[in-house]
Structure formats: C-alpha cells, structure tokens
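Presented below is the structure to which this report refers.
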Amino acid sequence: MKQNIKNLLYPELEEYFVQKYRQKFRAKQVFKWLSLGVTSFAEMTDISKKMAEELSEDFYISDLKVLRKETSKDGTVKFLYELSDKNTVESVLMQYKHGMSICISTQVGCNMGCTFCASTVGGKVRDLEAGEILDQVIFTAKNEGVRISNIVLMGIGEPLDNYENVLRFLKNVNDEHGINIGYRHISLSTCGLVDGIDRLADENIPLTLSISLHAPNDSIRNKTMPVSRKYPYEELLGAVKRYLKKTGRRVSFEYTLIKDVNDQPSHAKELCQHLKGMLCHINLIPVNPARGTMAPSEMKRIRQFQEMLISGGLNATVRRTLGTDINAACGQLRRAEYQNKKEGEPI
C-alpha cells in the first residue's frame, strides 16, 4: 500500500532517494514542495515527469478539504477540515502582536472525557498521522496566505496519547528544510499523562509543556477530568517536577475557571500551596461556554483568583479570549457537525 510521504522524517526521505536514485539532494527539493502545500508530485517543477510518476507509485500526498470556515470579528479564523476518510478535525488561526499562531488537533475525537470540553463528544475515533497533523499548519497558512510563527497542540485530542505521530510531526515542522518553526515557538498541552510527560522529558526538545490542571485537588479534578483517577494530583506534579529537573524549561499550567466548581478563594489558596516554588506560569482561562457544558466564572471572580495566586508568589495571567462569536473553543465546530451526522457516519 502507498504511504503518506509527509509521515516520513527528512532523514528517511533522504535514505529513500539514496537507495532508489542515488540522489540525496532530491529529498531537499521534495520536502520543500510538501511544506508549500502541493497536492501532487506533478506540481514539483524541479523533478522529472518520470520521477514524479515513480513517486506516485510509492507514495501519496495527503490533503485537507475545508468543510467549514468561520471568521471572528477579532480576526480569529476557525477551520473544520475533512480528512481523506471523511472524518473531521479543527484548527484555529489566531493573530497576536508576535505573529500568527495556530492551534491544531492531534486526534479525531478524544478519549479523555473532560467535562468542560466539547472535543470528547463521541470519544476518540482514531489518531492523526504525523502528516495529517502537519497538514493543518501547511494548508491553514496556504489558505490564508500567512506565515505561521507559533504552534499550539491544544486542539481536539490528547497529544501524548498519540505520542509517536506527534513526535514525528514536531521533528518535521521544526526541520530547517521545511516549515522550520523553532521548538521554542511550539506549545504542547496534555491533560496529565504521566508516562508521556516522562518520555517527553527524555527527548530533549525545548518546547513549552502545558499541563491542563483545572483543579486544586483530586476531589474536584476527578469530577471534571477522568484522567486524574489514573494519575492522581501528586503523581502528576511529581512528573512535572522531574520534567523541570531534566529540561530546565518553565512549565505552563492551564486552569479553566468554572463557576462555583474551581474558582473559590479556597481553591486559589490550595493551588498556591501545591505550586509555590515551582518554575511555572499559571494561565487562567475563562471557560468558553459551549452548549451542554459548564458555566464560566464571572470576570470579577477570575481577577480575584489571579490576584490571590500572584500574592502567593506565583506568575499568573488571564488568557485573552478569542473567537467566542464563532465557537472557537476546541471541538465546537466538530460537535455541531457530529450532531448533524447520521449514526455510523464519519465525524
């Protein structure tokens, strides 16, 4: 069977061209074309027609179809992409002062079951291949005519539950022969898979690790994040401390504030006790209200929570909310599409 050529790492592509053509330099040409979003080998003008035909016999080039596109009044653009098997994933393009940032998906659906997230509707269908993850960056940049400078793996799916494909994606998107986005401009978010955090620490990749914490203790976290039953609070924080010791990189804690669930002063005090002295940043997130999910905290309560963390010696900021008018929170477009599908159809 043909394989998606975008799943190959650059050294593997070099090996292919050396073995088949004894022409190592061809890898550089093809890899660059792929990063520009070509959808056929015939578009590669610096390789022969014969080589293009032979490549087509061994490989195919993955593509994404824009199923829906919504643009917010703040400039945020959300794509619902259709994959080759008719399943769907989401990507969100956001504009900041430092450049264009994209939030991408790593799985079709998600098995983590967080109660405040629309991504879990229908559970996980399958993992995305490395090339399919990369395609979201390639085709969003191509569709919008922009240069993407920052990547956040915080869309649909749990990145560390698709470890090998995500690792391949990271290496390819960072490769100097292609898109060449520096690791320090990439953030990877996990709900707290301890074994994955330990594996990532050993990779020596200087990205930003974000932990979706969202609670100050196991009692609350167990109710909103089922993963906490497998990896309790102290075990998760132990993995974070090991990560900090090995990498020396500051960790970000994502904390979505849910009205009357995890936003009380006592919760802020408890969070300070757990995280004080740790090289970290707390990103407070006003939960993006989605139909059927929990209600967001009032901004007054969020600011009070932030002030208590800062007074407790922690670095805490409130995330700027983007795309609320287009349901930009991960999983919401796909959820709407899912609700319109007939039972048994791809989502």
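FYI, nothing fancy with the structure tokens labels: chains A, B, ... in order, residues from 1 per chain, ligands from 1 as they appear.
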Test item: residues at most 6 Å from Val92 of chain A, only C-alpha atoms, excluding those fewer than 6 positions along its chain, as number ranges by chain: A: 77-78, 102-103
Do you have, as a tab-separated table, the list of residues of segment 112-149 of chain A lying at most 10 Å from segment 60-68 of chain A, each with its nearest atom pair and that distance in Å to one decimal, counting only C-alpha atoms and ordered by chain then number?
```
residue	atom	partner	partner_atom	distance
A:Gly131	CA	A:Ser62	CA	7.1
A:Glu132	CA	A:Ser62	CA	7.0
A:Leu134	CA	A:Ser62	CA	9.8
A:Asp135	CA	A:Asp63	CA	6.9
A:Gln136	CA	A:Leu64	CA	7.7
A:Ile138	CA	A:Asp63	CA	9.6
A:Phe139	CA	A:Leu64	CA	7.2
A:Thr140	CA	A:Val66	CA	9.5
A:Asn143	CA	A:Val66	CA	9.2
```
Using only C-alpha atoms, please write the residues we just selected to a file, as an mmCIF file, in the first residue's frame.
```cif
data_model
loop_
_atom_site.group_PDB
_atom_site.id
_atom_site.type_symbol
_atom_site.label_atom_id
_atom_site.label_comp_id
_atom_site.auth_asym_id
_atom_site.auth_seq_id
_atom_site.Cartn_x
_atom_site.Cartn_y
_atom_site.Cartn_z
ATOM 1 C CA GLY A 131 1.430 14.155 8.059
ATOM 2 C CA GLU A 132 -2.202 14.914 8.901
ATOM 3 C CA LEU A 134 1.406 18.803 9.683
ATOM 4 C CA ASP A 135 -1.253 19.413 7.028
ATOM 5 C CA GLN A 136 -3.174 21.678 9.395
ATOM 6 C CA ILE A 138 0.563 23.788 5.835
ATOM 7 C CA PHE A 139 -2.943 24.306 4.477
ATOM 8 C CA THR A 140 -4.045 26.915 7.010
ATOM 9 C CA ASN A 143 -5.442 29.105 2.600
#
```
Members of segment 157-327 of chain A assigned strand (DSSP E or B) by DSSP, as JSON, numbers by chain: {"A": [186, 187, 188, 189, 190, 208, 209, 210, 211, 212, 251, 252, 253, 254, 255, 256, 257, 258, 280, 281, 282, 283, 284, 285, 286, 296, 316, 317, 318]}
Save out the residues we just selected, N, CA and C atoms, as a short mmCIF file (atom, residue, chain, number, x, y, z; two decimals), in the first residue's frame.
```cif
data_model
loop_
_atom_site.label_atom_id
_atom_site.label_comp_id
_atom_site.auth_asym_id
_atom_site.auth_seq_id
_atom_site.Cartn_x
_atom_site.Cartn_y
_atom_site.Cartn_z
N ILE A 186 6.67 26.44 19.97
CA ILE A 186 5.67 25.37 19.97
C ILE A 186 5.29 25.02 21.40
N SER A 187 3.99 24.95 21.66
CA SER A 187 3.48 24.53 22.97
C SER A 187 2.69 23.24 22.82
N LEU A 188 2.93 22.32 23.72
CA LEU A 188 2.20 21.05 23.72
C LEU A 188 1.42 20.95 25.02
N SER A 189 0.13 20.73 24.90
CA SER A 189 -0.75 20.66 26.07
C SER A 189 -1.19 19.23 26.33
N THR A 190 -1.11 18.81 27.58
CA THR A 190 -1.56 17.48 27.97
C THR A 190 -2.47 17.58 29.19
N THR A 208 7.44 24.25 24.87
CA THR A 208 6.76 24.62 26.11
C THR A 208 5.72 23.56 26.45
N LEU A 209 5.84 22.97 27.61
CA LEU A 209 4.88 21.97 28.06
C LEU A 209 3.79 22.66 28.87
N SER A 210 2.53 22.44 28.47
CA SER A 210 1.39 22.99 29.18
C SER A 210 0.60 21.85 29.81
N ILE A 211 0.33 21.97 31.08
CA ILE A 211 -0.44 20.96 31.81
C ILE A 211 -1.85 21.48 32.04
N SER A 212 -2.84 20.76 31.54
CA SER A 212 -4.24 21.13 31.79
C SER A 212 -4.60 20.66 33.19
N VAL A 251 7.28 25.38 32.96
CA VAL A 251 6.04 24.69 32.59
C VAL A 251 4.86 25.63 32.77
N SER A 252 3.88 25.51 31.90
CA SER A 252 2.66 26.30 32.00
C SER A 252 1.53 25.42 32.50
N PHE A 253 0.76 25.92 33.45
CA PHE A 253 -0.42 25.21 33.94
C PHE A 253 -1.66 25.93 33.41
N GLU A 254 -2.47 25.20 32.69
CA GLU A 254 -3.74 25.73 32.19
C GLU A 254 -4.81 25.50 33.26
N TYR A 255 -5.55 26.55 33.61
CA TYR A 255 -6.56 26.45 34.65
C TYR A 255 -7.83 27.13 34.17
N THR A 256 -8.78 26.33 33.69
CA THR A 256 -10.07 26.85 33.23
C THR A 256 -10.98 27.06 34.43
N LEU A 257 -11.44 28.29 34.58
CA LEU A 257 -12.27 28.63 35.73
C LEU A 257 -13.74 28.37 35.43
N ILE A 258 -14.33 27.50 36.22
CA ILE A 258 -15.72 27.09 36.05
C ILE A 258 -16.52 27.58 37.26
N CYS A 280 7.11 27.85 37.02
CA CYS A 280 5.87 27.66 36.26
C CYS A 280 5.14 28.97 36.04
N HIS A 281 4.17 28.89 35.16
CA HIS A 281 3.27 30.01 34.87
C HIS A 281 1.86 29.45 34.86
N ILE A 282 0.92 30.16 35.48
CA ILE A 282 -0.47 29.71 35.50
C ILE A 282 -1.27 30.56 34.53
N ASN A 283 -1.88 29.89 33.58
CA ASN A 283 -2.68 30.55 32.55
C ASN A 283 -4.15 30.36 32.91
N LEU A 284 -4.78 31.40 33.42
CA LEU A 284 -6.19 31.32 33.81
C LEU A 284 -7.07 31.53 32.59
N ILE A 285 -8.03 30.63 32.40
CA ILE A 285 -8.83 30.63 31.18
C ILE A 285 -10.31 30.77 31.52
N PRO A 286 -10.95 31.83 31.09
CA PRO A 286 -12.42 31.90 31.22
C PRO A 286 -13.02 30.85 30.29
N PRO A 296 -19.04 29.68 32.75
CA PRO A 296 -17.78 30.35 33.10
C PRO A 296 -17.90 31.18 34.37
N ALA A 316 0.86 34.46 37.29
CA ALA A 316 -0.45 34.10 36.76
C ALA A 316 -1.00 35.20 35.87
N THR A 317 -1.52 34.81 34.72
CA THR A 317 -2.16 35.75 33.80
C THR A 317 -3.51 35.19 33.36
N VAL A 318 -4.36 36.07 32.84
CA VAL A 318 -5.65 35.65 32.32
C VAL A 318 -5.56 35.62 30.80
#
```
Atom CA of Glu144 of chain A to atom CA of Asp46 of chain A, distance in Å rounded to a single decimal: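 These two atoms are separated by 25.7 Å.
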Residues within 10 Å of Asp195 of chain A, only C-alpha atoms, excluding chain neighbours under 5 positions, as an MDAnalysis selection string: chainID A and resid 160:161 200 231 236 239
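Interatomic distance, atom CA of Gly113 of chain A to atom CA of Arg320 of chain A: 24.9 Å.
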Two-atom distance - atom CA of Gly182 of chain A, atom CA of Val152 of chain A (Å): 12.4 Å
Helix (DSSP H, G or I) call set, DSSP backbone run, segment 117-290 of chain A, as an MDAnalysis selection string: chainID A and resid 118:120 130:144 159:174 183:185 194:203 218:224 227:230 233:247 265:275
Neighbouring residues of Arg301 of chain A were defined as those with any atom within 10 Å, considering only C-alpha atoms; residues of the same chain fewer than 4 positions away were excluded. Please report them as a short mmCIF file (atom, residue, chain, number, x, y, z; two decimals) with N, CA and C atoms, in the first residue's frame.
```
data_model
loop_
_atom_site.label_atom_id
_atom_site.label_comp_id
_atom_site.auth_asym_id
_atom_site.auth_seq_id
_atom_site.Cartn_x
_atom_site.Cartn_y
_atom_site.Cartn_z
N LEU A 257 -11.44 28.29 34.58
CA LEU A 257 -12.27 28.63 35.73
C LEU A 257 -13.74 28.37 35.43
N LYS A 259 -17.58 28.26 36.99
CA LYS A 259 -18.38 28.90 38.04
C LYS A 259 -18.79 27.91 39.14
N ASP A 263 -13.37 27.88 41.36
CA ASP A 263 -12.99 29.30 41.29
C ASP A 263 -13.09 30.03 42.63
N GLN A 264 -13.16 29.31 43.73
CA GLN A 264 -13.31 29.93 45.04
C GLN A 264 -11.94 30.35 45.61
N PRO A 265 -11.93 31.32 46.52
CA PRO A 265 -10.67 31.74 47.16
C PRO A 265 -9.92 30.58 47.81
N SER A 297 -16.78 31.38 35.03
CA SER A 297 -16.74 32.25 36.20
C SER A 297 -16.91 33.70 35.76
N PHE A 305 -9.11 35.64 41.72
CA PHE A 305 -8.35 34.39 41.74
C PHE A 305 -6.90 34.67 41.31
N GLN A 306 -6.74 35.45 40.27
CA GLN A 306 -5.41 35.81 39.77
C GLN A 306 -4.61 36.56 40.83
N GLU A 307 -5.23 37.53 41.48
CA GLU A 307 -4.55 38.33 42.50
C GLU A 307 -4.09 37.48 43.67
#
```
Residue neighbourhood Lys28 of chain A, 12 Å, only C-alpha atoms, exclusion window fewer than 5 positions, as a PyMOL selection string: chain A and resi 9-17+23+33-35+44+46-47+175-178
